[in-house]
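*Asks:* Contents of target_7.txt (compact mmCIF, C-alpha atoms):
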```txt
# COMPACT_ATOMS: atom_id res chain seq x y z
CA MET A 1 0.00 0.00 0.00
CA SER A 2 2.99 2.34 0.50
CA ASN A 3 3.29 2.84 -3.28
CA ILE A 4 -0.30 4.07 -3.63
CA SER A 5 -0.63 7.85 -3.69
CA THR A 6 -2.96 9.44 -1.16
CA GLN A 7 -3.27 12.49 -3.41
CA ALA A 8 -6.70 12.75 -5.02
CA GLN A 9 -6.54 13.37 -8.74
CA ALA A 10 -8.92 13.86 -11.64
CA THR A 11 -8.68 13.18 -15.38
CA TYR A 12 -11.30 14.85 -17.57
CA LEU A 13 -12.39 12.76 -20.57
CA GLY A 14 -15.09 15.07 -21.98
CA GLY A 15 -18.78 15.91 -21.54
CA PRO A 16 -19.88 14.76 -18.06
CA THR A 17 -17.09 12.18 -17.79
CA VAL A 18 -14.18 12.44 -15.38
CA ILE A 19 -12.05 9.81 -13.63
CA ILE A 20 -11.45 10.55 -9.96
CA GLU A 21 -8.77 8.56 -8.13
CA ILE A 22 -8.63 8.59 -4.32
CA GLY A 23 -6.06 6.45 -2.53
CA GLY A 24 -6.00 4.00 -5.41
CA LEU A 25 -9.79 3.71 -5.70
CA ARG A 26 -10.85 4.72 -9.21
CA LEU A 27 -14.22 6.37 -9.78
CA MET A 28 -15.78 7.54 -13.04
CA THR A 29 -18.74 9.86 -13.56
CA ASP A 30 -21.35 9.43 -16.33
CA PRO A 31 -19.44 7.53 -19.06
CA THR A 32 -19.68 9.06 -22.55
CA LEU A 33 -17.14 7.25 -24.72
CA ASP A 34 -18.57 7.36 -28.25
CA PRO A 35 -16.50 9.07 -30.98
CA VAL A 36 -17.06 12.59 -32.29
CA GLY A 37 -19.95 12.85 -34.73
CA THR A 38 -22.13 10.22 -33.06
CA LYS A 39 -25.79 11.27 -33.25
CA PHE A 40 -28.78 10.31 -31.13
CA VAL A 41 -32.32 10.99 -32.37
CA LEU A 42 -34.62 12.12 -29.56
CA SER A 43 -37.65 12.89 -31.70
CA GLU A 44 -38.59 14.05 -35.19
CA LYS A 45 -37.46 17.56 -34.24
CA SER A 46 -34.51 16.89 -31.97
CA THR A 47 -31.13 15.20 -32.48
CA GLU A 48 -28.11 15.31 -30.17
CA GLU A 49 -24.62 15.13 -31.68
CA LYS A 50 -21.24 14.61 -30.06
CA LEU A 51 -18.94 17.47 -31.00
CA ALA A 52 -15.88 15.85 -29.41
CA GLY A 53 -14.87 12.31 -28.54
CA PRO A 54 -13.24 11.29 -25.27
CA ALA A 55 -9.78 12.80 -24.74
CA VAL A 56 -8.48 9.46 -23.42
CA PHE A 57 -9.83 6.02 -22.59
CA PRO A 58 -9.37 4.41 -19.16
CA GLU A 59 -6.13 2.43 -19.13
CA GLN A 60 -6.78 0.91 -15.71
CA PRO A 61 -9.93 -0.73 -14.32
CA ILE A 62 -12.65 1.49 -12.87
CA ASP A 63 -13.86 0.38 -9.46
CA ILE A 64 -17.07 2.40 -9.24
CA VAL A 65 -19.04 4.33 -11.86
CA LEU A 66 -21.08 7.18 -10.39
CA LEU A 67 -23.93 7.40 -12.89
CA SER A 68 -26.34 10.26 -12.25
CA HIS A 69 -28.93 8.59 -14.52
CA ASP A 70 -29.04 6.07 -17.33
CA GLN A 71 -31.86 7.40 -19.52
CA HIS A 72 -30.09 10.14 -21.53
CA PHE A 73 -27.43 9.62 -24.20
CA ASP A 74 -25.31 12.61 -23.19
CA ASN A 75 -24.75 10.96 -19.81
CA LEU A 76 -24.54 7.36 -20.96
CA ASP A 77 -23.89 6.85 -24.65
CA GLY A 78 -23.34 3.58 -26.49
CA GLY A 79 -19.66 3.30 -25.67
CA GLY A 80 -20.32 4.26 -22.07
CA ARG A 81 -23.06 1.66 -21.69
CA ALA A 82 -20.73 -1.06 -23.02
CA PHE A 83 -18.05 0.13 -20.62
CA LEU A 84 -20.30 -0.40 -17.59
CA LYS A 85 -19.83 -4.15 -18.02
CA GLU A 86 -16.09 -3.66 -17.47
CA ALA A 87 -16.49 -1.60 -14.31
CA LYS A 88 -16.74 -3.42 -10.99
CA LEU A 89 -19.84 -1.53 -9.82
CA THR A 90 -22.21 1.18 -11.04
CA ILE A 91 -24.05 3.33 -8.50
CA THR A 92 -27.08 5.17 -9.87
CA THR A 93 -30.77 5.82 -9.22
CA LYS A 94 -32.89 2.91 -8.05
CA ALA A 95 -34.91 2.94 -11.27
CA GLY A 96 -31.73 3.04 -13.32
CA ALA A 97 -30.11 0.22 -11.36
CA GLY A 98 -33.11 -1.96 -12.11
CA ARG A 99 -32.83 -1.30 -15.83
CA LEU A 100 -29.07 -1.90 -15.86
CA LYS A 101 -29.35 -5.18 -13.96
CA GLU A 102 -31.62 -6.48 -16.70
CA THR A 103 -28.69 -6.09 -19.11
CA GLY A 104 -26.21 -7.90 -16.86
CA ILE A 105 -24.53 -4.84 -15.33
CA ASN A 106 -23.55 -4.95 -11.65
CA SER A 107 -25.45 -1.94 -10.34
CA LEU A 108 -26.61 -0.47 -7.06
CA GLY A 109 -29.50 1.99 -6.74
CA LEU A 110 -29.57 4.71 -4.10
CA ASP A 111 -32.13 7.30 -3.12
CA PRO A 112 -30.94 10.71 -1.87
CA ARG A 113 -29.26 10.47 1.57
CA GLU A 114 -28.62 6.74 1.19
CA TYR A 115 -24.94 5.82 1.23
CA ARG A 116 -22.36 3.07 0.98
CA ALA A 117 -18.85 3.03 2.42
CA TYR A 118 -15.76 1.57 0.77
CA VAL A 119 -12.10 1.15 1.67
CA ALA A 120 -9.54 2.42 -0.82
CA PRO A 121 -6.40 0.38 -1.54
CA ASN A 122 -4.36 2.74 0.66
CA GLY A 123 -6.76 2.19 3.58
CA ASP A 124 -8.74 5.43 3.34
CA ARG A 125 -12.46 5.14 4.03
CA ILE A 126 -14.66 6.58 1.29
CA LYS A 127 -18.33 7.21 1.99
CA ILE A 128 -20.50 7.79 -1.10
CA THR A 129 -23.91 9.36 -0.44
CA ALA A 130 -26.59 10.02 -3.06
CA THR A 131 -27.64 13.67 -3.22
CA PRO A 132 -30.83 15.31 -4.52
CA ALA A 133 -31.01 16.47 -8.13
CA ARG A 134 -33.75 17.83 -10.37
CA HIS A 135 -33.17 17.57 -14.10
CA GLY A 136 -34.83 20.86 -15.06
CA PRO A 137 -37.59 23.17 -13.77
CA ALA A 138 -40.33 22.22 -11.32
CA GLY A 139 -42.58 19.49 -12.70
CA VAL A 140 -40.01 18.18 -15.19
CA THR A 141 -39.34 14.84 -13.49
CA LYS A 142 -42.27 13.16 -15.28
CA ILE A 143 -40.44 13.94 -18.54
CA THR A 144 -36.76 13.62 -17.64
CA GLY A 145 -36.93 10.92 -14.95
CA ASP A 146 -35.03 10.43 -11.72
CA VAL A 147 -31.51 11.80 -11.26
CA ILE A 148 -29.06 11.83 -8.36
CA GLY A 149 -25.73 13.42 -7.51
CA PHE A 150 -23.01 12.16 -5.20
CA HIS A 151 -21.27 13.37 -2.05
CA ILE A 152 -17.89 11.71 -1.48
CA ALA A 153 -16.42 11.97 2.03
CA VAL A 154 -12.86 10.71 2.55
CA SER A 155 -11.26 9.94 5.91
CA GLY A 156 -8.01 8.26 6.86
CA SER A 157 -4.63 9.49 5.61
CA GLN A 158 -6.41 12.80 4.97
CA SER A 159 -9.95 14.10 5.21
CA PHE A 160 -11.81 15.96 2.49
CA GLU A 161 -15.13 16.04 0.63
CA LEU A 162 -16.12 16.14 -3.03
CA TYR A 163 -19.55 16.74 -4.54
CA VAL A 164 -20.69 15.59 -7.99
CA THR A 165 -23.93 17.42 -8.81
CA GLY A 166 -25.16 15.15 -11.60
CA ASP A 167 -27.60 16.62 -14.11
CA THR A 168 -29.52 19.19 -12.10
CA VAL A 169 -30.46 22.83 -11.96
CA TYR A 170 -30.00 24.90 -8.82
CA TYR A 171 -33.09 24.58 -6.62
CA ASN A 172 -34.04 24.51 -2.94
CA GLU A 173 -32.61 21.03 -2.25
CA ILE A 174 -29.17 22.13 -3.46
CA GLU A 175 -29.37 25.13 -1.14
CA LYS A 176 -30.27 22.82 1.76
CA LEU A 177 -27.39 20.52 0.85
CA GLY A 178 -25.05 23.47 1.25
CA GLU A 179 -26.02 23.55 4.94
CA ARG A 180 -25.06 19.89 5.47
CA ILE A 181 -21.85 19.33 3.52
CA ASP A 182 -18.65 21.31 2.97
CA PRO A 183 -16.86 20.00 -0.13
CA GLN A 184 -13.45 21.24 -1.23
CA TYR A 185 -14.35 20.56 -4.87
CA ILE A 186 -17.67 20.45 -6.73
CA PHE A 187 -17.89 18.75 -10.12
CA VAL A 188 -20.77 20.82 -11.45
CA PHE A 189 -22.80 19.63 -14.45
CA ALA A 190 -23.29 22.83 -16.38
CA GLY A 191 -23.83 23.67 -20.08
CA ALA A 192 -27.44 24.92 -19.78
CA ALA A 193 -28.59 21.91 -21.82
CA ARG A 194 -31.76 22.55 -23.87
CA PRO A 195 -32.70 19.41 -25.80
CA ARG A 196 -36.48 19.71 -25.31
CA GLY A 197 -37.54 23.35 -25.28
CA PRO A 198 -36.83 26.87 -23.98
CA PHE A 199 -35.75 25.74 -20.51
CA ASN A 200 -32.51 24.43 -19.04
CA LEU A 201 -32.13 20.82 -17.92
CA THR A 202 -28.69 21.43 -16.40
CA MET A 203 -27.06 24.37 -14.68
CA GLY A 204 -26.53 27.64 -16.55
CA THR A 205 -24.17 30.39 -15.39
CA ASN A 206 -26.64 31.75 -12.82
CA ASP A 207 -27.10 28.27 -11.31
CA VAL A 208 -23.35 27.69 -11.09
CA ILE A 209 -22.87 31.07 -9.42
CA ASP A 210 -25.65 30.27 -6.93
CA THR A 211 -23.95 26.93 -6.26
CA ALA A 212 -20.67 28.73 -5.57
CA HIS A 213 -22.42 30.88 -2.96
CA ALA A 214 -24.17 27.89 -1.38
CA PHE A 215 -20.81 26.15 -0.95
CA PRO A 216 -18.46 29.05 -0.11
CA ASN A 217 -15.36 26.92 0.53
CA ALA A 218 -15.53 24.92 -2.70
CA THR A 219 -13.68 25.17 -5.98
CA LEU A 220 -16.06 24.46 -8.86
CA ILE A 221 -14.96 22.19 -11.70
CA PRO A 222 -17.31 22.39 -14.72
CA LEU A 223 -18.37 19.18 -16.44
CA HIS A 224 -21.17 18.63 -18.98
CA SER A 225 -20.34 22.00 -20.57
CA GLU A 226 -18.33 21.02 -23.65
CA GLY A 227 -18.71 18.41 -26.39
CA TRP A 228 -22.44 18.09 -27.17
CA SER A 229 -24.64 20.03 -29.57
CA HIS A 230 -27.46 20.78 -27.13
CA TYR A 231 -25.28 22.57 -24.58
CA THR A 232 -26.15 26.27 -24.94
CA GLU A 233 -23.36 27.56 -22.66
CA ASN A 234 -19.73 26.58 -22.24
CA ASN A 235 -16.69 27.12 -20.04
CA ASN A 236 -15.96 30.51 -21.62
CA ASN A 237 -19.38 31.74 -20.51
CA LEU A 238 -18.70 30.54 -16.98
CA LEU A 239 -15.28 32.20 -16.90
CA GLU A 240 -16.73 35.48 -18.15
CA ALA A 241 -19.56 35.47 -15.61
CA PHE A 242 -17.32 34.53 -12.69
CA SER A 243 -14.76 37.17 -13.74
CA ILE A 244 -17.39 39.91 -13.84
CA LEU A 245 -18.33 39.01 -10.27
CA GLY A 246 -14.69 38.86 -9.17
CA ILE A 247 -14.77 35.16 -8.29
CA ALA A 248 -12.89 33.63 -11.22
CA ASP A 249 -10.52 31.99 -8.74
CA ARG A 250 -13.44 29.78 -7.66
CA LEU A 251 -13.41 27.97 -11.05
CA LYS A 252 -11.00 25.23 -12.08
CA ILE A 253 -11.15 24.19 -15.73
CA LEU A 254 -9.65 20.75 -16.32
CA ALA A 255 -7.56 20.22 -19.45
CA PRO A 256 -8.91 17.15 -21.29
CA GLY A 257 -6.82 14.03 -20.85
CA VAL A 258 -4.49 15.55 -18.26
CA VAL A 259 -4.14 14.07 -14.77
CA THR A 260 -4.80 16.94 -12.36
CA ALA A 261 -4.06 16.84 -8.64
CA LEU A 262 -6.87 17.88 -6.30
CA SER A 263 -5.51 19.49 -3.17
CA PRO A 264 -7.79 18.92 -0.16
CA ASP A 265 -6.56 22.13 1.49
```
Could you quickly redo this structure as structure tokens?
*Replies:*
Amino acid sequence: MSNISTQAQATYLGGPTVIIEIGGLRLMTDPTLDPVGTKFVLSEKSTEEKLAGPAVFPEQPIDIVLLSHDQHFDNLDGGGRAFLKEAKLTITTKAGAGRLKETGINSLGLDPREYRAYVAPNGDRIKITATPARHGPAGVTKITGDVIGFHIAVSGSQSFELYVTGDTVYYNEIEKLGERIDPQYIFVFAGAARPRGPFNLTMGTNDVIDTAHAFPNATLIPLHSEGWSHYTENNNNLLEAFSILGIADRLKILAPGVVTALSPD
């Protein structure tokens, strides 16, 4: 175990997909691994297209996939779905876990506030708790389905917290969550996605700014903001907005394919 780094690190693949390694335990968020140009038809009037493929592919096994939901292609595309069979475990919504099990994928469903604890190869204890998420405005769940985020609390060689929002907008449950947890980093699913109409299904700049204020000690790492045709905002929009408000230092943009250390301090 002495050769296993205790330093948390992240590798951004593209879209909503990042690999997070903590004490030798390897986590991946919503796997989107199809090549650039892949298209998914949602309806007669709506098609999603990948504008960029994954920067890299996982070279080592993934222990746990943190899947916010399984029902949308920009969070689980064809390549990502095939990859789930290679991962040791997928944690997602209870409805999603049921669907994935039917296809032979080892999956675990959690409702918000439910958790599981794991021990990393270096001995650190990692507690993963499902967090609330709402995939659009009030009343949208009957259209978009269930979604969760993830709170990751690490204790042992060092103590720190991470928060993966999953596909959600900012709403009262996120504000309440800010009173219960204190993450050093938030992987925020942004992009102001608009695949269905004139409303956002993921966080726009205002939502991300509100999230920054709800979690005043966190550095925000944008995901789900580059690489798909239905994202209406990108990282440049976030940087501009945060700069105008004088809080650009609260954002951390990950370079695709580059292993980036996450300092818990």
*Asks:* Please list as JSON, numbers by chain every residue within 8 Å of A:Tyr170, counting only C-alpha atoms and excluding residues in the same chain fewer than 2 positions away.
*Replies:* {"A": [168, 172, 174, 175, 203, 207, 208, 210, 211]}
*Asks:* Could you write out that same residue set with C-alpha atoms as a short mmCIF file (atom, residue, chain, number, x, y, z; two decimals), in the frame of the given file?
*Replies:*
```cif
data_model
loop_
_atom_site.label_atom_id
_atom_site.label_comp_id
_atom_site.auth_asym_id
_atom_site.auth_seq_id
_atom_site.Cartn_x
_atom_site.Cartn_y
_atom_site.Cartn_z
CA THR A 168 -29.52 19.19 -12.10
CA ASN A 172 -34.04 24.51 -2.94
CA ILE A 174 -29.17 22.13 -3.46
CA GLU A 175 -29.37 25.13 -1.14
CA MET A 203 -27.06 24.37 -14.68
CA ASP A 207 -27.10 28.27 -11.31
CA VAL A 208 -23.35 27.69 -11.09
CA ASP A 210 -25.65 30.27 -6.93
CA THR A 211 -23.95 26.93 -6.26
#
```
*Asks:* Which residue gives the smallest distance to A:Ala193 among A:Gly136, A:Pro216, A:Pro58, A:Gly78, with all atoms listed in the file counted?
*Replies:*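 Checking each of A:Gly136, A:Pro216, A:Pro58, A:Gly78 against A:Ala193, counting all atoms listed in the file, the winner is A:Gly136.
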*Asks:* Which of these residues is nearest to A:Thr29, using all atoms listed in the file: A:Phe189, A:Ile126, A:Ser107, A:Lys85?
*Replies:*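 Among A:Phe189, A:Ile126, A:Ser107, A:Lys85, it is A:Phe189 that comes nearest to A:Thr29.
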*Asks:* Might you pull out every residue within 6 Å of A:Tyr163, with all atoms listed in the file counted and same-chain residues fewer than 2 positions away left off, and present them as a ChimeraX atom specification?
*Replies:* /A:150-151,186
*Asks:* Using all atoms listed in the file, can you tell me which of A:Leu51, A:Ala192, A:Val147, A:Val56 comes closest to A:Thr17?
*Replies:*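 For A:Thr17, the nearest of the given residues is A:Val56.
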